[in-house]
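Colleague: As input, take run_21.txt (compact mmCIF, C-alpha atoms):
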```txt
# COMPACT_ATOMS: atom_id res chain seq x y z
CA MET A 1 20.07 38.77 -51.73
CA ALA A 2 20.02 35.11 -50.77
CA PHE A 3 23.28 35.62 -48.85
CA LEU A 4 21.85 38.57 -46.92
CA SER A 5 18.66 36.64 -46.23
CA ASP A 6 20.69 33.76 -44.78
CA ILE A 7 22.75 36.14 -42.61
CA PHE A 8 19.67 37.89 -41.26
CA GLY A 9 18.02 34.51 -40.64
CA ARG A 10 20.99 33.30 -38.62
CA VAL A 11 21.15 36.55 -36.66
CA GLY A 12 17.46 36.22 -35.94
CA ARG A 13 17.93 32.68 -34.64
CA VAL A 14 20.76 33.83 -32.40
CA ALA A 15 18.65 36.68 -31.06
CA ARG A 16 15.71 34.37 -30.43
CA GLY A 17 18.01 31.87 -28.75
CA GLN A 18 19.41 34.54 -26.45
CA ALA A 19 15.93 35.81 -25.67
CA ASN A 20 14.68 32.30 -24.87
CA ALA A 21 17.74 31.64 -22.71
CA GLY A 22 17.08 34.87 -20.84
CA VAL A 23 13.44 33.98 -20.31
CA ASP A 24 14.44 30.49 -19.10
CA ALA A 25 16.90 32.02 -16.64
CA MET A 26 14.24 34.41 -15.36
CA GLU A 27 11.72 31.59 -14.97
CA ASP A 28 14.31 29.48 -13.16
CA ALA A 29 15.15 32.33 -10.79
CA THR A 30 11.47 33.01 -10.12
CA PHE A 31 10.21 29.45 -10.44
CA GLU A 32 7.85 29.51 -7.47
CA ALA A 33 6.37 32.88 -8.40
CA THR A 34 5.95 31.74 -12.02
CA VAL A 35 4.17 28.53 -10.98
CA ARG A 36 1.89 30.43 -8.62
CA GLN A 37 1.12 32.98 -11.33
CA THR A 38 0.29 30.17 -13.75
CA VAL A 39 -2.29 28.85 -11.30
CA ALA A 40 -3.63 32.38 -10.82
CA ASP A 41 -3.96 32.75 -14.60
CA MET A 42 -5.89 29.48 -14.71
CA LYS A 43 -8.25 30.80 -12.04
CA THR A 44 -8.71 34.05 -13.98
CA GLU A 45 -9.55 32.04 -17.08
CA LEU A 46 -12.01 30.02 -15.01
CA ASN A 47 -13.72 33.21 -13.87
CA ASN A 48 -14.04 34.36 -17.49
CA VAL A 49 -15.52 31.00 -18.48
CA VAL A 50 -17.91 31.08 -15.53
CA ARG A 51 -19.14 34.56 -16.48
CA ALA A 52 -19.66 33.54 -20.11
CA SER A 53 -21.39 30.34 -19.02
CA ALA A 54 -23.59 32.27 -16.60
CA MET A 55 -24.73 34.58 -19.41
CA ALA A 56 -25.52 31.63 -21.68
CA MET A 57 -27.39 29.85 -18.90
CA SER A 58 -29.24 33.08 -18.09
CA ASN A 59 -30.45 33.27 -21.68
CA TYR A 60 -31.58 29.66 -21.42
CA ASN A 61 -33.43 30.38 -18.17
CA SER A 62 -35.23 33.36 -19.77
CA LEU A 63 -36.12 31.29 -22.83
CA GLN A 64 -37.31 28.42 -20.64
CA ALA A 65 -39.43 30.80 -18.57
CA GLU A 66 -41.10 32.24 -21.68
CA TYR A 67 -41.63 28.73 -23.06
CA ASP A 68 -43.25 27.63 -19.80
CA LYS A 69 -45.45 30.76 -19.89
CA TYR A 70 -46.90 29.87 -23.30
CA ILE A 71 -47.53 26.32 -22.10
CA ARG A 72 -49.42 27.61 -19.07
CA GLN A 73 -51.41 30.05 -21.22
CA SER A 74 -52.28 27.24 -23.62
CA GLN A 75 -53.61 25.21 -20.70
CA GLU A 76 -55.52 28.21 -19.37
CA TRP A 77 -57.22 28.97 -22.73
CA LYS A 78 -58.13 25.34 -23.01
CA GLY A 79 -59.78 25.50 -19.61
CA ARG A 80 -61.64 28.67 -20.55
CA ALA A 81 -62.91 27.07 -23.75
CA GLY A 82 -64.30 24.26 -21.64
CA MET A 83 -65.97 26.72 -19.31
CA ALA A 84 -67.56 28.49 -22.31
CA LEU A 85 -68.88 25.18 -23.66
CA ASP A 86 -70.30 24.35 -20.25
CA ALA A 87 -72.05 27.69 -20.34
CA GLY A 88 -73.42 26.95 -23.83
CA ASN A 89 -71.42 29.75 -25.48
CA GLU A 90 -69.68 28.11 -28.47
CA ASP A 91 -68.50 31.43 -29.96
CA LEU A 92 -66.63 32.25 -26.76
CA ALA A 93 -65.25 28.71 -26.69
CA LYS A 94 -63.94 29.15 -30.25
CA LYS A 95 -62.26 32.42 -29.33
CA ALA A 96 -60.59 30.72 -26.37
CA LEU A 97 -59.41 27.85 -28.55
CA ALA A 98 -58.01 30.37 -31.04
CA LYS A 99 -55.94 31.91 -28.27
CA LYS A 100 -54.83 28.43 -27.25
CA ALA A 101 -53.72 27.77 -30.83
CA GLU A 102 -51.59 30.95 -30.80
CA CYS A 103 -49.91 29.80 -27.59
CA ASP A 104 -49.33 26.33 -29.04
CA THR A 105 -47.72 27.90 -32.10
CA GLN A 106 -45.31 29.83 -29.87
CA VAL A 107 -44.57 26.68 -27.89
CA ASN A 108 -43.82 24.67 -31.02
CA SER A 109 -41.61 27.39 -32.48
CA MET A 110 -39.65 27.78 -29.24
CA LYS A 111 -39.23 24.09 -28.45
CA VAL A 112 -36.14 23.57 -30.66
CA SER A 113 -34.48 26.68 -29.29
CA VAL A 114 -35.26 25.70 -25.72
CA ASP A 115 -33.93 22.17 -26.20
CA ASN A 116 -30.70 23.48 -27.75
CA ALA A 117 -30.27 26.05 -25.00
CA GLN A 118 -30.83 23.37 -22.37
CA ALA A 119 -28.20 21.06 -23.93
CA THR A 120 -25.73 23.95 -24.13
CA SER A 121 -26.39 24.89 -20.51
CA GLU A 122 -25.80 21.32 -19.30
CA LYS A 123 -22.61 21.08 -21.33
CA LEU A 124 -21.34 24.38 -19.94
CA LYS A 125 -21.98 23.22 -16.39
CA GLN A 126 -20.03 20.02 -17.04
CA GLN A 127 -17.14 21.92 -18.62
CA VAL A 128 -17.00 24.43 -15.77
CA GLY A 129 -16.98 21.59 -13.23
CA GLU A 130 -14.17 19.82 -15.13
CA LEU A 131 -12.20 23.05 -15.35
CA LYS A 132 -12.56 23.59 -11.61
CA ARG A 133 -11.26 20.09 -10.93
CA LYS A 134 -8.29 20.68 -13.22
CA ILE A 135 -7.47 23.95 -11.50
CA ASP A 136 -7.64 22.30 -8.08
CA GLU A 137 -5.34 19.55 -9.34
CA GLY A 138 -3.04 22.17 -10.88
CA GLU A 139 -2.85 24.03 -7.59
CA ARG A 140 -1.87 20.86 -5.75
CA THR A 141 0.64 20.03 -8.47
CA ALA A 142 2.09 23.54 -8.23
CA GLY A 143 2.77 23.08 -4.53
CA THR A 144 4.44 19.74 -5.19
CA LEU A 145 6.53 21.16 -8.03
CA VAL A 146 7.75 24.04 -5.89
CA ALA A 147 8.75 21.65 -3.09
CA ARG A 148 10.54 19.33 -5.54
CA LYS A 149 12.29 22.27 -7.20
CA ASN A 150 13.55 23.64 -3.88
CA ALA A 151 14.77 20.20 -2.80
CA ALA A 152 16.56 19.65 -6.13
CA VAL A 153 18.26 23.06 -5.96
CA ALA A 154 19.41 22.43 -2.40
CA GLN A 155 20.75 18.98 -3.34
CA ARG A 156 22.59 20.42 -6.35
CA LYS A 157 24.24 23.13 -4.25
CA VAL A 158 25.38 20.60 -1.67
CA SER A 159 26.75 18.29 -4.38
CA GLU A 160 28.57 21.16 -6.09
CA ALA A 161 30.09 22.26 -2.81
CA MET A 162 31.28 18.73 -1.99
CA ALA A 163 32.69 18.27 -5.50
CA GLY A 164 34.49 21.61 -5.39
CA VAL A 165 32.70 22.98 -8.43
CA GLY A 166 30.05 25.58 -8.99
CA SER A 167 30.78 29.21 -8.23
CA ALA A 168 34.29 30.56 -8.74
CA ASP A 169 34.62 31.52 -5.07
CA ASN A 170 33.67 28.08 -3.79
CA ALA A 171 35.05 27.84 -0.25
CA PHE A 172 36.03 24.17 -0.51
CA ALA A 173 37.88 24.73 -3.79
CA GLN A 174 39.65 27.76 -2.31
CA LEU A 175 40.73 25.74 0.72
CA ASN A 176 42.15 23.02 -1.57
CA ARG A 177 44.12 25.66 -3.45
CA PHE A 178 45.52 26.98 -0.15
CA GLU A 179 46.61 23.46 0.82
CA GLN A 180 48.32 22.96 -2.54
CA THR A 181 50.14 26.28 -2.13
CA VAL A 182 51.39 25.35 1.37
CA SER A 183 52.52 21.90 0.18
CA LYS A 184 54.45 23.49 -2.67
CA GLU A 185 56.16 25.93 -0.30
CA GLU A 186 57.07 23.09 2.08
CA ALA A 187 58.57 21.05 -0.76
CA THR A 188 60.57 24.07 -1.96
CA ALA A 189 61.88 24.77 1.55
CA LYS A 190 62.96 21.14 1.94
CA ALA A 191 64.79 21.25 -1.40
CA PHE A 192 66.72 24.39 -0.38
CA ASP A 193 67.57 22.82 3.00
CA GLN A 194 68.98 19.74 1.25
CA LEU A 195 71.07 21.94 -1.03
CA ALA A 196 72.32 24.00 1.91
CA ASN A 197 73.48 20.93 3.89
CA ALA A 198 75.16 19.18 0.95
CA GLY A 199 78.97 18.76 1.44
CA THR A 200 79.06 20.14 5.00
CA ASP A 201 80.42 18.63 8.23
CA ASN A 202 77.01 17.21 8.95
CA ASP A 203 77.83 14.32 6.62
CA LEU A 204 80.94 13.52 8.69
CA GLU A 205 78.90 13.57 11.87
CA LYS A 206 76.50 11.07 10.34
CA GLU A 207 79.38 8.75 9.38
CA PHE A 208 80.84 8.82 12.93
CA ALA A 209 77.38 8.21 14.35
CA GLN A 210 77.10 5.13 12.17
CA LEU A 211 80.48 3.89 13.49
CA GLY A 212 79.18 4.19 17.01
CA THR A 213 76.32 1.89 16.24
CA HIS A 214 78.72 -1.07 15.60
CA GLY A 215 79.57 -1.29 19.34
CA VAL A 216 75.90 -1.47 20.20
CA ASP A 217 75.37 -4.18 17.61
CA SER A 218 78.21 -6.24 19.06
CA GLU A 219 76.87 -5.96 22.58
CA LEU A 220 73.44 -6.99 21.35
CA ALA A 221 74.88 -10.11 19.66
CA ALA A 222 76.80 -11.09 22.80
CA LEU A 223 73.69 -10.66 24.94
CA LYS A 224 71.71 -12.89 22.61
CA ALA A 225 74.39 -15.64 22.76
CA GLU A 226 74.49 -15.46 26.56
CA ARG A 227 70.72 -15.80 26.85
CA GLU A 228 70.65 -18.72 24.42
CA LYS A 229 73.30 -20.53 26.46
CA ALA A 230 71.39 -19.93 29.69
CA ASN A 231 68.21 -21.29 28.17
CA GLN A 232 69.84 -24.63 27.04
CA PRO A 233 68.52 -27.79 28.89
CA PRO A 234 70.82 -29.40 31.55
CA PRO A 235 72.82 -32.56 30.61
CA PRO A 236 71.23 -35.97 31.41
CA TYR A 237 71.83 -37.48 34.88
CA ILE A 238 74.45 -40.39 35.02
CA PRO A 239 74.76 -42.62 38.15
CA LYS A 240 78.16 -42.80 39.88
CA GLU A 241 78.53 -46.54 39.38
CA LEU A 242 78.31 -45.98 35.64
CA ALA A 243 80.87 -43.28 35.71
CA GLY A 244 84.50 -44.54 35.63
CA PRO A 245 87.75 -42.82 36.37
CA GLY A 246 87.96 -41.73 32.80
CA GLY A 247 84.41 -40.37 32.76
CA PRO A 248 81.07 -42.00 32.05
CA ARG A 249 81.04 -45.32 30.38
CA ILE A 250 78.90 -46.09 27.43
CA ILE A 251 76.72 -49.09 28.21
CA ASP A 252 74.93 -51.21 25.69
CA VAL A 253 71.41 -51.18 27.08
CA LYS A 254 70.30 -54.20 25.05
CA ALA A 255 73.24 -56.29 26.22
CA SER A 256 72.57 -55.40 29.83
CA GLU A 257 68.98 -56.40 29.50
CA LYS A 258 70.03 -59.82 28.10
CA ALA A 259 72.47 -60.39 30.93
CA GLY A 260 69.85 -59.63 33.50
CA ALA A 261 67.47 -62.04 31.86
```
Any chance you could put this one into structure tokens?

Modeller:
Amino acid sequence: MAFLSDIFGRVGRVARGQANAGVDAMEDATFEATVRQTVADMKTELNNVVRASAMAMSNYNSLQAEYDKYIRQSQEWKGRAGMALDAGNEDLAKKALAKKAECDTQVNSMKVSVDNAQATSEKLKQQVGELKRKIDEGERTAGTLVARKNAAVAQRKVSEAMAGVGSADNAFAQLNRFEQTVSKEEATAKAFDQLANAGTDNDLEKEFAQLGTHGVDSELAALKAEREKANQPPPPYIPKELAGPGGPRIIDVKASEKAGA
């Protein structure tokens, strides 16, 4: 029995997990509508609270009106008793004071109830006002959340597209696969071309072409030597009197300077 209980417990967790995942997916797909509905539910709850508060405050208003009535009647009977005394009719004054006492009894018995109803009414008004402020704030927050959600989804889609991930039919990823396929075909074609040309007369043609390049290299070397010779500076000038029949003489400059001195 314990084994079966464990199995059923695990199955239940899996089912609840799948159900929660499904609900999360639905909420994600309908995020804006869900947020708006949440605010609408808050407003509906506010209306229910307002109606209940209005009924409670209405009861307080009725109780307060009755309380005020007995206070007025008490004041009126007191005034009548005074009028009777002024007229010299004490019996009538006593009857008026008796009525005043009945009104005072009602006032005293209702005072606690009226005070409690008044405190409850004030508290309900404060709570309704606070709830209204929270709903207004929630409505503004809902608009901000929807805008942030839409921006985040758009940014995620752009990032997924640039990274080549996301949906299976991503256009960028498909284009990369096409490029890889073409590159593979080009490499295969080049390999077959190399195999086809191996051992053919093309190799001989390449060898003879290389022999022809030696003549060009020789001409280039000769041209370089000719230009270097042309660019050499001219020999120094030698006066005729210093040049003898056998060519220029080498003169010791220092000795000549001494002789002249």

Colleague: To one decimal place in Å, what is the distance between CA of Ile135 in chain A and CA of Arg148 in chain A?

Modeller: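 Spanning CA of Ile135 in chain A to CA of Arg148 in chain A is a straight-line distance of 19.5 Å.
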
Colleague: Could you list, as a list of chain:residue names, every residue within 8 Å of range 116-120 of chain A, counting only C-alpha atoms and ignoring same-chain residues fewer than 5 positions away?

Modeller: A:Met57, A:Asn59, A:Tyr60

Colleague: Identify which of the residues A:Ser121, A:Thr144, A:Gln174, A:Thr181 lies closest to Ala56 in chain A, counting all atoms listed in the file when measuring atom-to-atom distances.

Modeller: A:Ser121

Colleague: Between A:Ser159, A:Asp91, A:Trp77, A:Leu63, single out the one closest to Val114 in chain A, counting all atoms listed in the file.

Modeller: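 Distance minimum relative to Val114 in chain A lands on A:Leu63.
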
Colleague: In Å, with one decimal, what is the gap from CA of Ser62 in chain A to CA of Gln126 in chain A?

Modeller: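 Value for the CA of Ser62 in chain A-CA of Gln126 in chain A distance: 20.4 Å.
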
Colleague: Go ahead and compute the interatomic distance for CA of Ser58 in chain A and CA of Glu137 in chain A, in Å to one decimal.

Modeller: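 For CA of Ser58 in chain A relative to CA of Glu137 in chain A, the distance reads 28.8 Å.
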
Colleague: For each of A:Glu102, A:Glu185, A:Asp217, A:Glu139, take the minimum atom-to-atom distance to Thr38 in chain A, counting only C-alpha atoms, then give the residue where this is smallest.

Modeller: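 Ranked by minimum distance to Thr38 in chain A, first place goes to A:Glu139.
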
Colleague: Closest to Tyr70 in chain A among A:Val128, A:Leu175, A:Ala33, A:Val107, using only C-alpha atoms?

Modeller: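 Between A:Val128, A:Leu175, A:Ala33, A:Val107, the residue approaching Tyr70 in chain A most closely is A:Val107.
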